[in-house]
Amino acid sequence: MGGAGWLRVAAAVTCALATAMVVQRVVAWRRWLRAMTVLRDVEESFATPTERLQRVVNSLAVEMFAGLASEDASKVRMLLTCVDSLPDVSEEGIYYAVDIGGTGFRFLKVQLGAGSTIINQKIERQPVKKELMKGTSEDFFNSIASTLKNFIEREGDEGRALGFTFSFPVRQFSITSGSLIRWTKEFSIEEAIGQDVAQCLNEALERNGLNLKVNALMNNTVGTLALGHYYDEDTIAAVIIGAGTNACYIERNEAITKCQCLLTNSGQTVVNVEWGSFCPPQIPLTPYDICFYNETPNYYDQGFEKMISGMYLGEIARLVFHKMAQESDVFGTDVDGLAIPFILSTPCLAAICEDDSLDLKEVRSILEEHLKIHNVPLKTRRLVQRVCDIITQRAARLAAAGIVAILQKLGRDGTLCGTTRVRSMTGVPKRSVIAIEGGLYQEYSVFREYLNEAVLEILGEEIAATVVLKVVEEGSGLGAALIAAAYSSTRNNSI
């Protein structure tokens, strides 16, 4: 073959290689576009503009009114807690509390002194064993009683009374009794539904030889409200934003039509909203929410909670990433980790959002260590961070709408019962303190900033200036001890 022939062959090979490279780049670009299409769909379906949030506020406030009128008339249960007396400066002595939440047990010893003083406190934490979450009622309460007994023996003093925080929906009959309505989060001890949970614990305490009974039964929001009110009497509501989410607030008895037999002559009662079961019609359920419901216990319920709380946000992100991996190759080919439910925790999602390094080192580390996805390019790491930010923003802004709905129900949001009138101050401004507890708000700065921003957007500057969102630490446990103290004393102090 002559020189001219070799040149023609070389030119043909070069042309073929160039064509192959162009085709490869076009294919890669099309796959990237498919990932971006998923991102755009997520951005649109997770959007929460201010006007939409206001409709969520109105809708939840309406449900709250209905829930106070009669049982089963609303998507939010508006459970009467039988708490009409919150702690003041008169309580003294040693009190114990048991705090049962979504991720662990907490046992507390609290020593109170006069003048809103907690002289000393001791807190012991214990994770919930998976087998207890789906076992028998007797095993569950025996485990609590046994651990409390060991805790008290180490402390050397049984104390005056026991507060019991049980962070699941309970229909209370009195301050010391209430039946479990249903489990939430990942618990599913079916035989316990309908049982008096305070009695179950009392029986377990007796079996373990403890001369102590439940003096006050409540959920975590009520405990948080009690601690917030102990330090600041302007505290009117409490919100939990952690593994789960819920709220309670102080309501006038005259606004409550149902369950008149549970109301006292104190004039006010703490109401447990149970807003986790609210499903705002203004916020579309995305394919990720719907798939996600079908893969979890209690999947048919707790719509608001599953859009907001820490137990679920990481899983929503995983479902989005899994969809992207199915539609494109942005994560490469080794993506088996994305098919594992709940492999991505919300603390990981928070760390991804808060990574401000130029090359997103923390994002890369989480992808490698938790999802086993390696060699992810920077543009994909930015995509991952954007998805986590979108999910966080929706959650925080919905939580903000929930807070404003409580203010609206109490007439403290500057409107006339949810009308479209422009918010403005009328009369003497009332300071409204909302006690907030939970790792999602306390420890996740991006979430906290989005929530605070949304409250300001909805209320406007004039009304927002009267609202204080105050972090309360260990409120659900310390508050239980405080309420036990309030109800063990002979005083008759209403809220």
# chains A, B, ... in the order shown; residues from 1 in each chain; ligands from 1
call {"tool": "residues_around", "arguments": {"residues": "Cys279 (chain A)", "least_positions_apart": "6", "cutoff": "8 Å", "atoms": "only C-alpha atoms", "output": "NGL selection string"}}
result
:A and (75 or 302-304)
call {"tool": "select_by_dssp", "arguments": {"residues": "region 221-360 of chain A", "states": "strand (DSSP E)", "output": "list in words"}}
result
Thr235, Ile236, Ala237, Ala238, Val239, Ile240, Ile241, Thr245, Asn246, Ala247, Cys248, Tyr249, Ile250, Glu251, Arg252, Gln268, Thr269, Val270, Val271 and Asn272 of chain A
call {"tool": "atom_distance", "arguments": {"atom1": "CA of Ser432 (chain A)", "atom2": "CA of Arg412 (chain A)"}}
result
7.7 Å
call {"tool": "residues_around", "arguments": {"residues": "region 222-231 of chain A", "least_positions_apart": "4", "cutoff": "8 Å", "atoms": "only C-alpha atoms", "output": "list of chain:residue names"}}
result
A:Leu86, A:Pro87, A:Asp88, A:Val89, A:Ser116, A:Thr165, A:Met218, A:Thr235, A:Ile236, A:Ala237, A:Ala238, A:Val239, A:Cys248, A:Tyr249, A:Val270, A:Asn272, A:Ala435, A:Ile436, A:Glu437, A:Val472, A:Glu474, A:Gly475, A:Ser476, A:Gly477, A:Leu478, A:Gly479, A:Ala480, A:Leu482, A:Ile483
call {"tool": "residues_around", "arguments": {"residues": "Phe447 (chain A)", "least_positions_apart": "4", "cutoff": "12 Å", "atoms": "only C-alpha atoms", "output": "VMD selection string"}}
result
chain A and resid 241 to 242 308 to 310 313 346 to 347 349 to 351 353 to 354 388 to 400 438 to 443 451 to 454
call {"tool": "write_last_selection", "arguments": {"atoms": "N, CA, C and O atoms", "output": "compact mmCIF listing (two decimals), in the first residue's frame"}}
result
# COMPACT_ATOMS: atom_id res chain seq x y z
N ILE A 241 -39.66 18.71 66.49
CA ILE A 241 -39.20 18.46 65.11
C ILE A 241 -37.91 17.66 65.21
O ILE A 241 -36.81 18.20 65.22
N GLY A 242 -38.08 16.36 65.31
CA GLY A 242 -36.93 15.47 65.44
C GLY A 242 -37.16 14.24 64.59
O GLY A 242 -37.42 14.34 63.39
N ILE A 308 -41.87 15.96 56.86
CA ILE A 308 -41.13 16.90 57.69
C ILE A 308 -40.04 16.25 58.52
O ILE A 308 -38.94 16.79 58.64
N SER A 309 -40.32 15.12 59.13
CA SER A 309 -39.49 14.66 60.25
C SER A 309 -38.23 13.91 59.85
O SER A 309 -38.08 13.40 58.75
N GLY A 310 -37.33 13.85 60.81
CA GLY A 310 -36.00 13.31 60.58
C GLY A 310 -35.95 11.84 60.28
O GLY A 310 -34.97 11.36 59.70
N LEU A 313 -36.61 12.01 55.99
CA LEU A 313 -36.06 12.88 54.94
C LEU A 313 -34.92 12.20 54.17
O LEU A 313 -34.83 12.34 52.95
N THR A 346 -31.04 10.90 57.90
CA THR A 346 -31.21 12.34 57.83
C THR A 346 -29.97 13.10 58.33
O THR A 346 -29.66 14.16 57.78
N PRO A 347 -29.25 12.62 59.35
CA PRO A 347 -27.98 13.29 59.69
C PRO A 347 -27.02 13.35 58.50
O PRO A 347 -26.30 14.35 58.33
N LEU A 349 -28.03 13.49 55.33
CA LEU A 349 -28.62 14.52 54.47
C LEU A 349 -28.23 15.91 54.97
O LEU A 349 -27.88 16.79 54.18
N ALA A 350 -28.26 16.11 56.29
CA ALA A 350 -27.89 17.41 56.86
C ALA A 350 -26.43 17.73 56.58
O ALA A 350 -26.09 18.86 56.22
N ALA A 351 -25.57 16.73 56.73
CA ALA A 351 -24.14 16.95 56.47
C ALA A 351 -23.89 17.29 55.01
O ALA A 351 -23.02 18.11 54.70
N CYS A 353 -26.02 18.87 53.00
CA CYS A 353 -26.48 20.24 52.78
C CYS A 353 -25.50 21.27 53.34
O CYS A 353 -25.33 22.34 52.78
N GLU A 354 -24.88 20.95 54.45
CA GLU A 354 -24.04 21.92 55.14
C GLU A 354 -22.57 21.86 54.72
O GLU A 354 -21.74 22.58 55.27
N CYS A 388 -30.85 17.31 48.26
CA CYS A 388 -31.00 17.32 49.72
C CYS A 388 -31.51 18.68 50.21
O CYS A 388 -32.31 18.76 51.15
N ASP A 389 -31.07 19.75 49.55
CA ASP A 389 -31.51 21.08 49.93
C ASP A 389 -33.01 21.26 49.63
O ASP A 389 -33.75 21.85 50.43
N ILE A 390 -33.47 20.77 48.49
CA ILE A 390 -34.88 20.89 48.12
C ILE A 390 -35.77 20.17 49.13
O ILE A 390 -36.80 20.69 49.58
N ILE A 391 -35.36 18.97 49.52
CA ILE A 391 -36.14 18.16 50.47
C ILE A 391 -36.16 18.83 51.84
O ILE A 391 -37.21 18.90 52.50
N THR A 392 -35.03 19.37 52.25
CA THR A 392 -34.94 20.08 53.53
C THR A 392 -35.83 21.31 53.52
O THR A 392 -36.54 21.59 54.50
N GLN A 393 -35.80 22.06 52.44
CA GLN A 393 -36.57 23.30 52.37
C GLN A 393 -38.06 23.03 52.46
O GLN A 393 -38.79 23.73 53.20
N ARG A 394 -38.55 22.03 51.74
CA ARG A 394 -39.99 21.71 51.84
C ARG A 394 -40.36 21.34 53.26
O ARG A 394 -41.37 21.82 53.80
N ALA A 395 -39.55 20.51 53.89
CA ALA A 395 -39.85 20.06 55.25
C ALA A 395 -39.91 21.23 56.23
O ALA A 395 -40.85 21.36 57.02
N ALA A 396 -38.92 22.10 56.17
CA ALA A 396 -38.84 23.23 57.11
C ALA A 396 -39.99 24.20 56.90
O ALA A 396 -40.58 24.71 57.87
N ARG A 397 -40.33 24.47 55.66
CA ARG A 397 -41.38 25.44 55.37
C ARG A 397 -42.76 24.89 55.75
O ARG A 397 -43.64 25.64 56.19
N LEU A 398 -42.97 23.59 55.61
CA LEU A 398 -44.22 23.00 56.06
C LEU A 398 -44.33 23.05 57.59
O LEU A 398 -45.41 23.30 58.13
N ALA A 399 -43.21 22.81 58.27
CA ALA A 399 -43.22 22.93 59.74
C ALA A 399 -43.55 24.35 60.15
O ALA A 399 -44.30 24.58 61.12
N ALA A 400 -43.02 25.32 59.42
CA ALA A 400 -43.33 26.73 59.71
C ALA A 400 -44.82 27.00 59.53
O ALA A 400 -45.44 27.71 60.34
N GLY A 438 -36.03 19.08 69.41
CA GLY A 438 -35.81 18.08 68.37
C GLY A 438 -34.55 18.38 67.59
O GLY A 438 -34.26 19.53 67.26
N GLY A 439 -33.81 17.34 67.28
CA GLY A 439 -32.52 17.50 66.62
C GLY A 439 -32.59 18.15 65.26
O GLY A 439 -31.65 18.83 64.85
N LEU A 440 -33.69 17.95 64.55
CA LEU A 440 -33.79 18.51 63.21
C LEU A 440 -33.73 20.04 63.25
O LEU A 440 -33.10 20.67 62.41
N TYR A 441 -34.39 20.63 64.24
CA TYR A 441 -34.36 22.09 64.38
C TYR A 441 -33.13 22.57 65.14
O TYR A 441 -32.50 23.57 64.78
N GLN A 442 -32.77 21.86 66.19
CA GLN A 442 -31.69 22.30 67.05
C GLN A 442 -30.31 22.16 66.41
O GLN A 442 -29.44 23.01 66.58
N GLU A 443 -30.11 21.08 65.67
CA GLU A 443 -28.76 20.74 65.21
C GLU A 443 -28.55 20.94 63.70
O GLU A 443 -27.42 20.89 63.23
N LEU A 451 -36.91 27.34 58.16
CA LEU A 451 -38.14 27.44 58.95
C LEU A 451 -38.35 28.88 59.43
O LEU A 451 -39.44 29.44 59.29
N ASN A 452 -37.31 29.48 60.01
CA ASN A 452 -37.43 30.85 60.50
C ASN A 452 -37.79 31.82 59.37
O ASN A 452 -38.61 32.73 59.55
N GLU A 453 -37.19 31.61 58.23
CA GLU A 453 -37.46 32.45 57.06
C GLU A 453 -38.91 32.34 56.62
O GLU A 453 -39.57 33.35 56.29
N ALA A 454 -39.46 31.13 56.66
CA ALA A 454 -40.84 30.91 56.22
C ALA A 454 -41.83 31.53 57.20
O ALA A 454 -42.86 32.09 56.78
call {"tool": "closest_residue", "arguments": {"among": "A:Pro280, A:Leu262, A:Asn211, A:Asp234", "to": "Phe173 (chain A)", "atoms": "only C-alpha atoms"}}
result
A:Leu262
